[in-house]
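K.L.:
Below is the file protein33.txt, which contains compact mmCIF, C-alpha atoms.
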# COMPACT_ATOMS: atom_id res chain seq x y z
CA LYS A 1 -16.66 54.22 10.40
CA GLN A 2 -19.72 56.42 10.73
CA GLU A 3 -19.31 59.84 9.12
CA VAL A 4 -21.74 62.62 9.99
CA THR A 5 -21.98 65.73 7.81
CA GLN A 6 -23.92 68.91 8.48
CA ILE A 7 -24.80 71.37 5.76
CA PRO A 8 -24.59 74.32 5.68
CA ALA A 9 -21.67 75.05 7.99
CA ALA A 10 -23.07 78.51 8.63
CA LEU A 11 -26.38 80.21 7.98
CA SER A 12 -27.67 83.75 8.49
CA VAL A 13 -31.38 84.53 8.26
CA PRO A 14 -33.61 87.45 9.20
CA GLU A 15 -35.91 87.07 12.16
CA GLY A 16 -39.21 85.37 11.40
CA GLU A 17 -37.98 83.07 8.64
CA ASN A 18 -38.51 79.34 8.69
CA LEU A 19 -35.31 77.38 8.14
CA VAL A 20 -33.97 73.86 7.68
CA LEU A 21 -30.70 72.42 8.92
CA ASN A 22 -29.41 69.23 7.36
CA CYS A 23 -27.58 66.24 8.77
CA SER A 24 -26.43 63.20 6.80
CA PHE A 25 -24.74 60.01 7.93
CA THR A 26 -23.03 57.22 6.04
CA ASP A 27 -24.12 54.12 7.98
CA SER A 28 -27.88 53.72 8.27
CA ALA A 29 -27.62 51.08 11.03
CA ILE A 30 -28.35 53.55 13.83
CA TYR A 31 -30.46 53.35 16.96
CA ASN A 32 -31.26 57.03 17.18
CA LEU A 33 -30.29 60.55 16.21
CA GLN A 34 -30.12 63.47 18.60
CA TRP A 35 -30.07 67.20 17.86
CA PHE A 36 -28.24 69.54 20.21
CA ARG A 37 -27.79 73.27 20.54
CA GLN A 38 -24.51 74.84 21.69
CA ASP A 39 -24.25 78.48 22.69
CA PRO A 40 -20.81 80.14 22.57
CA GLY A 41 -18.61 78.99 25.44
CA LYS A 42 -21.26 76.62 26.72
CA GLY A 43 -22.00 72.91 26.75
CA LEU A 44 -24.55 71.09 24.62
CA THR A 45 -28.28 71.30 25.25
CA SER A 46 -30.39 68.40 24.00
CA LEU A 47 -33.21 69.50 21.71
CA LEU A 48 -34.75 66.35 20.26
CA LEU A 49 -34.08 62.61 20.19
CA ILE A 50 -35.49 60.55 17.30
CA GLN A 51 -35.43 56.79 17.60
CA SER A 52 -34.71 54.77 14.46
CA SER A 53 -38.31 53.56 14.32
CA GLN A 54 -39.64 57.12 14.31
CA ARG A 55 -39.99 59.51 11.39
CA GLU A 56 -40.15 62.77 13.30
CA GLN A 57 -40.23 64.51 16.65
CA THR A 58 -41.58 67.92 17.55
CA SER A 59 -40.86 70.31 20.38
CA GLY A 60 -42.37 73.76 20.21
CA ARG A 61 -41.08 75.51 17.09
CA LEU A 62 -38.67 72.66 16.35
CA ASN A 63 -39.40 69.65 14.18
CA ALA A 64 -36.83 66.98 13.43
CA SER A 65 -37.29 64.32 10.80
CA LEU A 66 -35.37 61.13 10.16
CA ASP A 67 -35.03 59.10 6.97
CA LYS A 68 -32.82 56.28 8.12
CA SER A 69 -32.65 54.46 4.81
CA SER A 70 -31.25 57.48 3.03
CA GLY A 71 -29.07 58.54 5.95
CA ARG A 72 -30.64 61.96 6.44
CA SER A 73 -32.17 64.08 9.13
CA THR A 74 -33.46 67.63 9.05
CA LEU A 75 -34.14 70.10 11.82
CA TYR A 76 -36.86 72.58 10.94
CA ILE A 77 -37.07 75.79 12.95
CA ALA A 78 -40.27 77.78 12.50
CA ALA A 79 -40.52 81.54 12.90
CA SER A 80 -36.88 81.98 13.84
CA GLN A 81 -35.90 84.40 16.62
CA PRO A 82 -32.58 86.06 17.51
CA GLY A 83 -32.46 83.81 20.58
CA ASP A 84 -32.19 80.82 18.25
CA SER A 85 -28.70 81.97 17.26
CA ALA A 86 -26.34 79.15 18.22
CA THR A 87 -24.51 76.17 16.77
CA TYR A 88 -26.71 73.16 16.08
CA LEU A 89 -25.16 69.71 16.23
CA CYS A 90 -26.54 66.34 15.25
CA ALA A 91 -25.27 63.07 16.68
CA VAL A 92 -26.06 59.54 15.57
CA SER A 93 -25.88 56.53 17.84
CA ALA A 94 -25.34 52.94 16.71
CA GLY A 95 -24.87 51.67 20.22
CA TYR A 96 -23.51 53.63 23.11
CA ALA A 97 -21.22 55.78 20.97
CA LEU A 98 -22.38 59.18 19.77
CA ASN A 99 -20.92 60.34 16.46
CA PHE A 100 -21.19 64.07 15.92
CA GLY A 101 -21.25 66.32 12.92
CA LYS A 102 -19.29 69.57 13.01
CA GLY A 103 -22.43 71.63 13.38
CA THR A 104 -24.26 74.45 11.66
CA SER A 105 -23.66 77.93 13.04
CA LEU A 106 -26.94 79.84 12.88
CA LEU A 107 -27.32 83.61 13.15
CA VAL A 108 -30.81 85.10 13.27
CA THR A 109 -30.70 88.84 12.75
CA PRO A 110 -33.34 91.21 14.17
CA GLY B 1 -27.85 67.52 41.04
CA ALA B 2 -30.17 68.75 38.33
CA GLY B 3 -27.67 68.39 35.52
CA VAL B 4 -24.18 67.25 34.63
CA SER B 5 -21.66 69.32 36.56
CA GLN B 6 -18.07 69.87 35.48
CA SER B 7 -15.24 71.57 37.29
CA PRO B 8 -13.30 73.69 36.90
CA SER B 9 -15.06 75.66 34.18
CA ASN B 10 -11.73 77.11 33.07
CA LYS B 11 -8.19 75.91 33.61
CA VAL B 12 -4.95 77.52 32.50
CA THR B 13 -1.86 75.41 33.00
CA GLU B 14 1.77 75.49 32.02
CA LYS B 15 3.08 73.06 29.47
CA GLY B 16 4.35 69.92 31.15
CA LYS B 17 2.06 70.12 34.19
CA ASP B 18 -0.61 67.55 35.03
CA VAL B 19 -4.29 68.50 35.19
CA GLU B 20 -7.41 66.84 36.55
CA LEU B 21 -10.88 67.56 35.24
CA ARG B 22 -13.94 66.48 37.17
CA CYS B 23 -17.41 65.39 36.08
CA ASP B 24 -20.46 64.81 38.26
CA PRO B 25 -23.11 63.02 36.17
CA ILE B 26 -26.84 63.24 36.71
CA SER B 27 -27.77 61.12 39.72
CA GLY B 28 -28.69 57.59 38.69
CA HIS B 29 -27.13 57.80 35.22
CA THR B 30 -24.91 54.79 34.69
CA ALA B 31 -23.38 55.79 31.35
CA LEU B 32 -20.73 58.53 31.29
CA TYR B 33 -18.77 59.94 28.37
CA TRP B 34 -15.84 62.31 27.91
CA TYR B 35 -15.48 64.25 24.66
CA ARG B 36 -13.00 66.86 23.49
CA GLN B 37 -13.90 69.85 21.32
CA SER B 38 -11.02 71.71 19.73
CA LEU B 39 -11.44 75.10 18.09
CA GLY B 40 -13.25 74.71 14.79
CA GLN B 41 -13.43 70.94 15.16
CA GLY B 42 -16.21 68.52 15.91
CA LEU B 43 -16.61 66.59 19.13
CA GLU B 44 -13.97 63.90 19.54
CA PHE B 45 -14.88 60.85 21.63
CA LEU B 46 -12.39 60.08 24.40
CA ILE B 47 -13.77 57.47 26.79
CA TYR B 48 -17.01 55.77 27.86
CA PHE B 49 -18.01 54.24 31.20
CA GLN B 50 -21.04 52.02 31.74
CA GLY B 51 -21.74 50.92 35.29
CA ASN B 52 -19.08 48.54 36.57
CA SER B 53 -18.05 47.36 33.10
CA ALA B 54 -14.57 47.94 31.74
CA PRO B 55 -14.48 51.38 30.08
CA ASP B 56 -14.07 51.92 26.36
CA LYS B 57 -10.80 53.87 26.20
CA SER B 58 -10.45 53.65 22.43
CA GLY B 59 -10.69 57.42 21.93
CA LEU B 60 -7.91 58.48 24.29
CA PRO B 61 -5.32 60.20 22.05
CA SER B 62 -2.20 59.13 23.97
CA ASP B 63 -1.06 57.41 27.15
CA ARG B 64 -0.84 60.84 28.79
CA PHE B 65 -4.63 60.72 29.05
CA SER B 66 -6.43 58.58 31.61
CA ALA B 67 -9.81 58.58 33.31
CA GLU B 68 -11.46 56.87 36.20
CA ARG B 69 -14.92 56.70 37.62
CA THR B 70 -15.27 56.06 41.31
CA GLY B 71 -18.31 54.31 42.73
CA GLY B 72 -20.09 54.46 39.43
CA SER B 73 -20.61 58.20 39.82
CA VAL B 74 -17.98 60.96 39.70
CA SER B 75 -15.37 60.75 36.96
CA THR B 76 -11.94 62.37 36.71
CA LEU B 77 -10.06 62.89 33.45
CA THR B 78 -6.32 63.29 34.00
CA ILE B 79 -3.89 64.68 31.45
CA GLN B 80 -0.24 64.24 32.33
CA ARG B 81 2.61 66.38 31.00
CA THR B 82 0.19 68.67 29.17
CA GLN B 83 1.05 69.91 25.67
CA GLN B 84 -0.26 72.96 23.82
CA GLU B 85 -2.27 70.72 21.48
CA ASP B 86 -4.25 69.55 24.52
CA SER B 87 -5.88 72.99 24.67
CA ALA B 88 -9.59 72.41 24.05
CA VAL B 89 -12.97 72.24 25.74
CA TYR B 90 -13.47 68.93 27.53
CA LEU B 91 -17.12 67.91 27.73
CA CYS B 92 -18.70 65.25 29.90
CA ALA B 93 -22.08 63.64 29.23
CA SER B 94 -24.25 61.10 31.00
CA ARG B 95 -27.11 58.86 30.00
CA PRO B 96 -29.56 56.83 32.08
CA GLY B 97 -29.26 53.03 32.20
CA THR B 98 -28.02 50.82 29.44
CA GLY B 99 -30.72 51.69 26.96
CA VAL B 100 -29.40 53.09 23.72
CA ASN B 101 -32.55 55.08 23.03
CA THR B 102 -32.04 57.54 25.82
CA GLU B 103 -30.97 61.15 25.67
CA ALA B 104 -27.41 62.15 26.45
CA PHE B 105 -27.05 65.20 28.69
CA PHE B 106 -23.91 67.30 28.62
CA GLY B 107 -22.18 69.46 31.16
CA GLN B 108 -20.95 73.00 30.49
CA GLY B 109 -17.44 71.81 29.80
CA THR B 110 -13.98 72.65 31.07
CA ARG B 111 -11.97 75.00 28.87
CA LEU B 112 -8.33 73.94 29.14
CA THR B 113 -5.59 76.30 27.98
CA VAL B 114 -2.00 75.09 27.99
CA VAL B 115 0.54 77.93 27.84
Starting from the file, give its structure as structure tokens.

P.N.:
Amino acid sequence: KQEVTQIPAALSVPEGENLVLNCSFTDSAIYNLQWFRQDPGKGLTSLLLIQSSQREQTSGRLNASLDKSSGRSTLYIAASQPGDSATYLCAVSAGYALNFGKGTSLLVTP
Amino acid sequence: GAGVSQSPSNKVTEKGKDVELRCDPISGHTALYWYRQSLGQGLEFLIYFQGNSAPDKSGLPSDRFSAERTGGSVSTLTIQRTQQEDSAVYLCASRPGTGVNTEAFFGQGTRLTVV
């Protein structure tokens, strides 16, 4: 059974810092990995999808990398802003199923 | 619609009552998922629909839970004889086609409170 772990569980940084969120998974036989953002009381917003053949994807200040063989992905957020405060979730897919980590709760302080 | 739509956004029900939660996927998306998110927990898979194929119901926690998808579009998740442990946010997601390398898009969720 695929296990997805996100470290740290919570993170607080001052505005302007660059930061890295980590996601690890136990079964490297995946098709893709997707990063989501969840604001309090809201649904999930898709940020980036990385296919298993890709090493990274970029969108604005976000960069996600994937090392499938070692079962790791990172989400890099450049020049963090208070509006980035949210919970970030990663999900791996080995077919149609999405297996989620428990998320990293990020607080960016002004 | 532009995104996945769920209704109601909030539902408070008395223990023992039945509830129905609705999901309208993005138009043209053939794959539809239901997940449950309990306080402090990760997302728990409930059920998956793909086109006209038989759904994967392996995540439904008990026989009080059922779901259907009519005409390959709208889906309804029904919880019978609700219990307090059913209190959670129920999230619906859809994906285009049968391709596994496509993004999943989520709705805003229905927050269910059983009192």

K.L.:
Please identify all polymer residues within 7 Å of Gln50 of chain B, counting only C-alpha atoms, omitting same-chain residues fewer than 5 positions from it, and present them as a VMD selection string.

P.N.:
chain B and resid 30 to 32 55

K.L.:
Counting only C-alpha atoms, figure out which residue out of B:Glu85, B:Gln6, B:Ser38, B:Leu43 gets nearest to chain A.

P.N.:
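Checking each candidate against chain A, we get B:Leu43 as the closest.
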
K.L.:
Find the residues around Asn22 of chain A up to 7 Å (all atoms listed in the file counted), leave out those fewer than 6 positions away in its own chain, and share them as a short mmCIF file (atom, residue, chain, number, x, y, z; two decimals) with C-alpha atoms, keeping the file's coordinate frame.

P.N.:
data_model
loop_
_atom_site.label_atom_id
_atom_site.label_comp_id
_atom_site.auth_asym_id
_atom_site.auth_seq_id
_atom_site.Cartn_x
_atom_site.Cartn_y
_atom_site.Cartn_z
CA GLN A 6 -23.92 68.91 8.48
CA ILE A 7 -24.80 71.37 5.76
CA SER A 73 -32.17 64.08 9.13
CA THR A 74 -33.46 67.63 9.05
CA LEU A 75 -34.14 70.10 11.82
#

K.L.:
Residues within 10 Å of (-25.2, 56.4, 41.8), file coordinates, counting only C-alpha atoms: what are they? Give the list as a list in words.

P.N.:
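Neighbouring residues, ordered by chain and number, come to Pro25, Ile26, Ser27, Gly28, His29, Thr30, Gly51, Thr70, Gly71, Gly72, Ser73 and Val74 of chain B.
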
K.L.:
Go through chain B and flag each residue having an atom no more than 12 Å from chain A; for those, report the closest pair of atoms plus their distance in Å to one decimal, using all atoms listed in the file, ordered by chain and rising number, as a tab-separated table.

P.N.:
residue	atom	partner	partner_atom	distance
B:Gly3	CA	A:Thr45	CA	10.7
B:Val4	CA	A:Gly43	CA	9.9
B:Ser5	CA	A:Gly43	CA	10.5
B:Gln6	CA	A:Gly43	CA	10.0
B:Ser9	CA	A:Lys42	CA	9.7
B:Asn10	CA	A:Gly41	CA	10.4
B:Thr30	CA	A:Tyr96	CA	11.7
B:Ala31	CA	A:Tyr96	CA	8.5
B:Leu32	CA	A:Tyr96	CA	9.9
B:Tyr33	CA	A:Ala97	CA	8.8
B:Trp34	CA	A:Leu98	CA	10.9
B:Tyr35	CA	A:Leu98	CA	9.9
B:Arg36	CA	A:Gly43	CA	11.3
B:Gln37	CA	A:Lys102	CA	9.9
B:Ser38	CA	A:Lys102	CA	10.9
B:Leu39	CA	A:Lys102	CA	10.9
B:Gly40	CA	A:Lys102	CA	8.1
B:Gln41	CA	A:Lys102	CA	6.4
B:Gly42	CA	A:Lys102	CA	4.4
B:Leu43	CA	A:Phe100	CA	6.1
B:Glu44	CA	A:Phe100	CA	8.1
B:Phe45	CA	A:Leu98	CA	7.9
B:Leu46	CA	A:Ala97	CA	10.4
B:Ile47	CA	A:Ala97	CA	9.6
B:Tyr48	CA	A:Ala97	CA	8.1
B:Phe49	CA	A:Tyr96	CA	9.8
B:Gln50	CA	A:Tyr96	CA	9.1
B:Pro55	CA	A:Tyr96	CA	11.6
B:Asp56	CA	A:Ala97	CA	9.8
B:Lys57	CA	A:Ala97	CA	11.8
B:Ser58	CA	A:Ala97	CA	11.1
B:Gly59	CA	A:Ala97	CA	10.7
B:Ala88	CA	A:Gly41	CA	11.3
B:Val89	CA	A:Gly41	CA	8.8
B:Tyr90	CA	A:Gly43	CA	9.4
B:Leu91	CA	A:Gly43	CA	7.1
B:Cys92	CA	A:Gly43	CA	8.9
B:Ala93	CA	A:Leu44	CA	9.1
B:Ser94	CA	A:Tyr96	CA	10.9
B:Arg95	CA	A:Tyr96	CA	9.4
B:Pro96	CA	A:Tyr96	CA	11.3
B:Gly97	CA	A:Tyr96	CA	10.8
B:Thr98	CA	A:Tyr96	CA	8.3
B:Gly99	CA	A:Tyr96	CA	8.4
B:Val100	CA	A:Gly95	CA	5.9
B:Asn101	CA	A:Asn32	CA	6.3
B:Thr102	CA	A:Leu49	CA	7.8
B:Glu103	CA	A:Leu49	CA	6.5
B:Ala104	CA	A:Ser46	CA	7.3
B:Phe105	CA	A:Ser46	CA	6.6
B:Phe106	CA	A:Leu44	CA	5.5
B:Gly107	CA	A:Gly43	CA	5.6
B:Gln108	CA	A:Gly43	CA	3.9
B:Gly109	CA	A:Gly43	CA	5.6
B:Thr110	CA	A:Gly43	CA	9.1
B:Arg111	CA	A:Gly41	CA	8.5

K.L.:
Separation of atom CA of Phe25 of chain A and atom CA of Cys90 of chain A, in Å?

P.N.:
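If I compute the distance from atom CA of Phe25 of chain A to atom CA of Cys90 of chain A, I get 9.8 Å.
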
K.L.:
As lines of an AutoDock Vina configuration file, please report the centre and edge lengths, rounded to one decimal in Å, of the axis-aligned box that holds all listed atoms of segment 86-99 of chain A with 5 Å of padding on each of the six sides.

P.N.:
center_x = -23.8
center_y = 65.4
center_z = 19.2
size_x = 15.8
size_y = 37.5
size_z = 17.9

K.L.:
Report the distance between atom CA of Pro110 of chain A and atom CA of Asp84 of chain A in Å, rounded to one decimal place.

P.N.:
11.2 Å

K.L.:
Could you jot down the atom CA of Ala9 of chain A to atom CA of Ser59 of chain A separation for me, Å, one decimal place?

P.N.:
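It comes out at 23.3 Å.
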